[in-house]
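Q: Got a structure here, written out as structure tokens. Questions coming.
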Amino acid sequence: MNKYRKVMKPKEALVKDDDEIRVTAAGSVSAYISRAAKLFNEMEKTYLTITATGNALTKAVTSAEVIKRRFKGLHQITKLGSQEIVDEYEPLEEGLDKVTDVRSVPCIEIKLSKEALDKSDKGYQEPIDESLVTDVDPEELMKARGRGKGRGKGKGKGKGKGKGKGKGKKGKGKGKGEEKEWVPVTKLGRL
């Protein structure tokens, strides 16, 4: 495949609804929960839809389960499917043909609603027991959770007690123990 280059297609401008949360593999679950809190509390929506494809499926399910445990009485309908994605590759050398690769990517759509949904749907789940739901203040859901841009104790750049050759008396691989003074071989009587 090093003799081919992937043809970049312009992304389709899909219109995202206000009540839709698109989950990506890179996004954080807490951000999706904050968005759900905004939809249910501030925008007073009665339902929301969580959509994801590929590697983001697990994060979408996790987000839906956490949201169900934050808001009482949420009915759920889950739809699972797949999308076909066609990738085109053009040759870098003359004499080669264009190559197309068709791959099937799984996708999920989870609808969470405060109002009752169609119970005959095969993906329907009734609301969880209210004893499992912990009510959280809307302001608490919206604020930052202390991760990210702060100057906390993190593994970041800076001086630390890392391994490797330092400028100290001990070099790499000396191990633990007392430091011994270095004596040249000639003073020990060997030559």
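Each chain in the structure tokens gets a letter, A, B and so on, in the order shown; residues start at 1 in every chain, and ligands are counted from 1 in the order they appear.
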Quick one: contact table of region 11-47 of chain A to region 111-126 of chain A, 10 Å max, nearest atom pair and distance in Å to one decimal per residue, counting only C-alpha atoms, chain and number order, as a Markdown table?
A:
| residue | atom | partner | partner_atom | distance |
| --- | --- | --- | --- | --- |
| A:Asp19 | CA | A:Lys111 | CA | 9.8 |
| A:Glu20 | CA | A:Lys111 | CA | 9.1 |
| A:Ala36 | CA | A:Leu112 | CA | 9.9 |
| A:Phe40 | CA | A:Lys114 | CA | 9.0 |
| A:Lys45 | CA | A:Lys114 | CA | 8.8 |
| A:Thr46 | CA | A:Lys114 | CA | 5.4 |
| A:Tyr47 | CA | A:Ser113 | CA | 4.0 |
Q: Store the residues of this selection in a file with C-alpha atoms, as a short mmCIF file (atom, residue, chain, number, x, y, z; two decimals), in the first residue's frame.
A:
data_model
loop_
_atom_site.label_atom_id
_atom_site.label_comp_id
_atom_site.auth_asym_id
_atom_site.auth_seq_id
_atom_site.Cartn_x
_atom_site.Cartn_y
_atom_site.Cartn_z
CA ASP A 19 -30.94 17.03 21.07
CA GLU A 20 -28.16 14.84 19.63
CA ALA A 36 -27.05 15.88 28.70
CA PHE A 40 -32.52 18.20 30.12
CA LYS A 45 -35.72 18.85 26.24
CA THR A 46 -37.79 15.74 26.91
CA TYR A 47 -35.38 13.41 25.10
#
Q: For Ile128 (chain A), which residue among A:Lys79, A:Lys3, A:Lys59, A:Arg70 is the nearest when counting only C-alpha atoms?
A: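 Closest candidate: A:Arg70.
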Q: Using only C-alpha atoms, which of A:Val61, A:Phe71, A:Tyr4, A:Ala52 sits nearest Gly95 (chain A)?
A: A:Tyr4
Q: For Arg22 (chain A), work out the shell of residues within 10 Å, counting only C-alpha atoms and skipping chain neighbours fewer than 4 positions away, then give it as a PyMOL selection string.
A: chain A and resi 16-17+27+32+49-53+56+60+109
Q: So which one's closest to Glu90 (chain A), A:Arg5, A:Ile110, A:Ile77, A:Ser28? Using only C-alpha atoms, please.
A: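 Checking each of A:Arg5, A:Ile110, A:Ile77, A:Ser28 against Glu90 (chain A), counting only C-alpha atoms, the winner is A:Arg5.
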